[in-house]
Structure formats: structure tokens, C-alpha cells
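Peer 1: Below is the file query-v9.pdb, with PDB, C-alpha atoms.
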```pdb
ATOM      1  CA  MET A   1     142.819 -77.595-103.185
ATOM      2  CA  ARG A   2     143.598 -76.153-106.626
ATOM      3  CA  LEU A   3     143.319 -72.621-105.292
ATOM      4  CA  LEU A   4     145.708 -73.451-102.460
ATOM      5  CA  MET A   5     148.137 -75.015-104.914
ATOM      6  CA  ALA A   6     147.925 -72.005-107.238
ATOM      7  CA  LEU A   7     148.460 -69.566-104.382
ATOM      8  CA  GLY A   8     151.408 -71.564-103.101
ATOM      9  CA  ALA A   9     152.924 -71.766-106.565
ATOM     10  CA  PHE A  10     152.436 -68.042-107.077
ATOM     11  CA  ALA A  11     154.145 -67.236-103.776
ATOM     12  CA  PHE A  12     156.958 -69.637-104.577
ATOM     13  CA  LEU A  13     157.482 -68.316-108.072
ATOM     14  CA  ALA A  14     157.203 -64.695-106.986
ATOM     15  CA  GLY A  15     160.118 -65.220-104.617
ATOM     16  CA  CYS A  16     158.124 -64.497-101.473
ATOM     17  CA  MET A  17     159.376 -67.667 -99.836
ATOM     18  CA  GLN A  18     163.060 -68.445 -99.633
ATOM     19  CA  ASP A  19     162.971 -72.189 -99.018
ATOM     20  CA  LEU A  20     159.847 -74.283 -99.206
ATOM     21  CA  GLY A  21     161.725 -77.544 -98.799
ATOM     22  CA  PRO A  22     160.227 -80.806 -99.998
ATOM     23  CA  ALA A  23     156.678 -79.418-100.019
ATOM     24  CA  GLY A  24     157.726 -76.565-102.302
ATOM     25  CA  ASP A  25     159.550 -78.941-104.599
ATOM     26  CA  MET A  26     156.459 -81.132-104.884
ATOM     27  CA  LEU A  27     154.280 -78.084-105.527
ATOM     28  CA  ALA A  28     156.526 -76.891-108.361
ATOM     29  CA  ARG A  29     156.842 -80.403-109.800
ATOM     30  CA  ASP A  30     153.060 -80.910-109.757
ATOM     31  CA  ALA A  31     152.468 -77.579-111.484
ATOM     32  CA  ALA A  32     155.154 -78.359-114.069
ATOM     33  CA  LYS A  33     153.728 -81.848-114.648
ATOM     34  CA  GLY A  34     150.384 -80.337-115.603
ATOM     35  CA  VAL A  35     152.037 -78.027-118.120
ATOM     36  CA  VAL A  36     154.205 -80.784-119.615
ATOM     37  CA  ASN A  37     151.303 -83.224-119.791
ATOM     38  CA  ASN A  38     149.135 -80.687-121.639
ATOM     39  CA  ALA A  39     151.976 -79.881-124.052
ATOM     40  CA  VAL A  40     152.597 -83.559-124.814
ATOM     41  CA  GLN A  41     148.888 -84.259-125.298
ATOM     42  CA  ALA A  42     148.577 -81.269-127.636
ATOM     43  CA  ARG A  43     151.530 -82.462-129.705
ATOM     44  CA  PHE A  44     150.612 -86.155-129.697
ATOM     45  CA  PRO A  45     146.823 -86.494-129.350
ATOM     46  CA  GLY A  46     145.631 -89.929-128.300
ATOM     47  CA  VAL A  47     149.006 -90.932-126.835
ATOM     48  CA  ASP A  48     149.388 -91.587-123.109
ATOM     49  CA  ALA A  49     151.451 -88.561-122.074
ATOM     50  CA  ARG A  50     152.265 -89.765-118.550
ATOM     51  CA  PRO A  51     155.462 -91.727-119.287
ATOM     52  CA  LEU A  52     157.032 -88.830-121.181
ATOM     53  CA  THR A  53     155.726 -86.264-118.691
ATOM     54  CA  ASP A  54     157.258 -88.119-115.751
ATOM     55  CA  CYS A  55     160.585 -88.483-117.554
ATOM     56  CA  VAL A  56     160.709 -84.814-118.581
ATOM     57  CA  ILE A  57     160.109 -83.741-114.977
ATOM     58  CA  ASP A  58     162.608 -86.278-113.609
ATOM     59  CA  ASN A  59     165.314 -85.078-116.016
ATOM     60  CA  ALA A  60     164.689 -81.341-115.635
ATOM     61  CA  SER A  61     166.818 -79.221-113.337
ATOM     62  CA  SER A  62     165.139 -77.391-110.474
ATOM     63  CA  GLY A  63     165.445 -74.136-112.437
ATOM     64  CA  GLU A  64     163.792 -75.730-115.457
ATOM     65  CA  ILE A  65     160.988 -77.093-113.289
ATOM     66  CA  VAL A  66     160.331 -73.615-111.894
ATOM     67  CA  GLN A  67     160.377 -72.141-115.391
ATOM     68  CA  ILE A  68     157.857 -74.725-116.605
ATOM     69  CA  ALA A  69     155.743 -74.339-113.456
ATOM     70  CA  GLU A  70     155.485 -70.596-114.131
ATOM     71  CA  ALA A  71     153.528 -71.492-117.256
ATOM     72  CA  ALA A  72     150.855 -73.043-115.029
ATOM     73  CA  LEU A  73     150.144 -69.531-113.759
ATOM     74  CA  MET A  74     151.022 -67.343-116.721
ATOM     75  CA  GLY A  75     150.078 -69.718-119.505
ATOM     76  CA  PRO A  76     152.505 -71.633-121.684
ATOM     77  CA  ASN A  77     154.389 -69.855-124.448
ATOM     78  CA  GLN A  78     156.822 -70.884-127.159
ATOM     79  CA  ALA A  79     159.769 -70.703-124.747
ATOM     80  CA  THR A  80     158.006 -73.185-122.455
ATOM     81  CA  THR A  81     157.343 -75.538-125.351
ATOM     82  CA  ASN A  82     160.935 -75.244-126.552
ATOM     83  CA  LEU A  83     162.220 -76.049-123.057
ATOM     84  CA  ILE A  84     159.975 -79.108-122.775
ATOM     85  CA  VAL A  85     161.103 -80.359-126.202
ATOM     86  CA  SER A  86     164.738 -79.744-125.286
ATOM     87  CA  ILE A  87     164.414 -81.783-122.086
ATOM     88  CA  ALA A  88     162.479 -84.519-123.936
ATOM     89  CA  GLU A  89     165.297 -84.857-126.473
ATOM     90  CA  ARG A  90     167.991 -85.508-123.865
ATOM     91  CA  PRO A  91     169.368 -89.058-124.002
ATOM     92  CA  GLU A  92     168.440 -89.705-120.356
ATOM     93  CA  THR A  93     164.856 -88.578-120.999
ATOM     94  CA  VAL A  94     164.552 -90.723-124.127
ATOM     95  CA  ARG A  95     165.917 -93.746-122.245
ATOM     96  CA  CYS A  96     163.518 -93.108-119.361
ATOM     97  CA  THR A  97     160.556 -92.782-121.728
ATOM     98  CA  VAL A  98     161.375 -96.041-123.490
ATOM     99  CA  ASN A  99     161.721 -97.796-120.136
ATOM    100  CA  ASN A 100     158.434 -96.372-118.841
ATOM    101  CA  SER A 101     156.498 -96.983-122.054
ATOM    102  CA  LEU A 102     157.726-100.435-122.958
ATOM    103  CA  GLY A 103     158.852-101.803-119.627
ATOM    104  CA  LEU A 104     162.406-102.194-120.894
ATOM    105  CA  ASN A 105     165.489-101.566-118.829
ATOM    106  CA  LEU A 106     168.029 -99.914-121.114
TER
END
```
When written as C-alpha cells, how does the structure in this file appear?

Peer 2:
Amino acid sequence: MRLLMALGAFAFLAGCMQDLGPAGDMLARDAAKGVVNNAVQARFPGVDARPLTDCVIDNASSGEIVQIAEAALMGPNQATTNLIVSIAERPETVRCTVNNSLGLNL
């Protein structure tokens, strides 16, 4: 399954497929989630990264998701980390994270 996902992500990111539709979007989002989750866990060990990861992905543009997903294949770099931090600092992402973490509705 992982190999299939990696091959699909590679084809998507290489531009071999014009429109993957909902399946392609999910593939890119899943790949990006893995990268974001690892980055959050590395920065905040012992903290449940899922609420922030979900909010970063939900508040990223499709172009940002693709850029982050590329790091799943090529390996993350400082630009990837900077992008994740930038998305995490957006007011909508902060609000989402608070809601997801504390069960509040701000």
C-alpha cells in the first residue's frame, strides 16, 4: 500500500497526471500529513501532533499541500519546515488547533 501511495504521489508531483480528482487530493493530503506530523513531533516531542497536523493541512492551499507532500518523497528541508511553521502561525490554524485540542469553539 505504501509503495502504491509513493508511486502515485511521485507521478502526481512529477506532473505526469493532469487531474487526479478527489483521489489525488487525498493522496497529496495524506503524504503532506505524514510530513507535517513528523515535523511537529520533532519540534514538540511528547505532544500529540494530530490536532495541529490536521489544522495545518486544512488551512494550507492546494499548492502548499503539494509542496509539503514533495518532502515525503525528497525528504523535508528548511523550506518545508518554514512553510509548515508559516501555516501553523495563521490565525485560522491557531483557532483550529485550540478548538481541536481543547474542544472549544472559538

Peer 1: What lies within 9 Å of range 74-81 of chain A using all atoms listed in the file, ignoring chain neighbours under 4 positions off, as JSON, numbers by chain?

Peer 2: {"A": [35, 36, 39, 67, 68, 70, 85, 86]}

Peer 1: Could you name the residues that touch Ala31 in chain A at 8 Å or less, counting all atoms listed in the file, but leaving out those on the same chain fewer than 3 positions away, as a list of chain:residue names?

Peer 2: A:Ala9, A:Leu27, A:Ala28, A:Gly34, A:Val35, A:Ile68, A:Ala69, A:Ala72

Peer 1: Skip Cys96 in chain A itself and residues of its chain fewer than 5 positions away, then list as a PDB file with C-alpha atoms, in the frame of the given file all residues within 9 Å of it, counting all atoms listed in the file.

Peer 2:
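What landed in result.pdb:
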```
ATOM      1  CA  PRO A  51     155.462 -91.727-119.287  1.00  0.00           C
ATOM      2  CA  LEU A  52     157.032 -88.830-121.181  1.00  0.00           C
ATOM      3  CA  ASP A  54     157.258 -88.119-115.751  1.00  0.00           C
ATOM      4  CA  CYS A  55     160.585 -88.483-117.554  1.00  0.00           C
ATOM      5  CA  VAL A  56     160.709 -84.814-118.581  1.00  0.00           C
ATOM      6  CA  ASP A  58     162.608 -86.278-113.609  1.00  0.00           C
ATOM      7  CA  ASN A  59     165.314 -85.078-116.016  1.00  0.00           C
ATOM      8  CA  PRO A  91     169.368 -89.058-124.002  1.00  0.00           C
ATOM      9  CA  SER A 101     156.498 -96.983-122.054  1.00  0.00           C
ATOM     10  CA  ASN A 105     165.489-101.566-118.829  1.00  0.00           C
ATOM     11  CA  LEU A 106     168.029 -99.914-121.114  1.00  0.00           C
TER      12      LEU A 106
END
```

Peer 1: CA of Ile87 in chain A and CA of Glu64 in chain A, how far apart in Å?

Peer 2: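 If I compute the distance from CA of Glu64 in chain A to CA of Ile87 in chain A, I get 9.0 Å.
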
Peer 1: State, in Å with one decimal place, the distance from CA of Ala60 in chain A to CA of Asn38 in chain A.

Peer 2: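 Atom-to-atom, CA of Ala60 in chain A to CA of Asn38 in chain A, that is 16.7 Å.
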
Peer 1: Quick check, in Å to one decimal: how far apart do CA of Arg95 in chain A and CA of Asp25 in chain A lie?

Peer 2: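 That distance, rounded to one decimal, is 23.9 Å.
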
Peer 1: For Ala32 in chain A, which residue among A:Gly63, A:Asn99, A:Glu92, A:Val47 is the nearest when counting all atoms listed in the file?

Peer 2: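 Looking at the shortest contact to Ala32 in chain A, the residue is A:Gly63.
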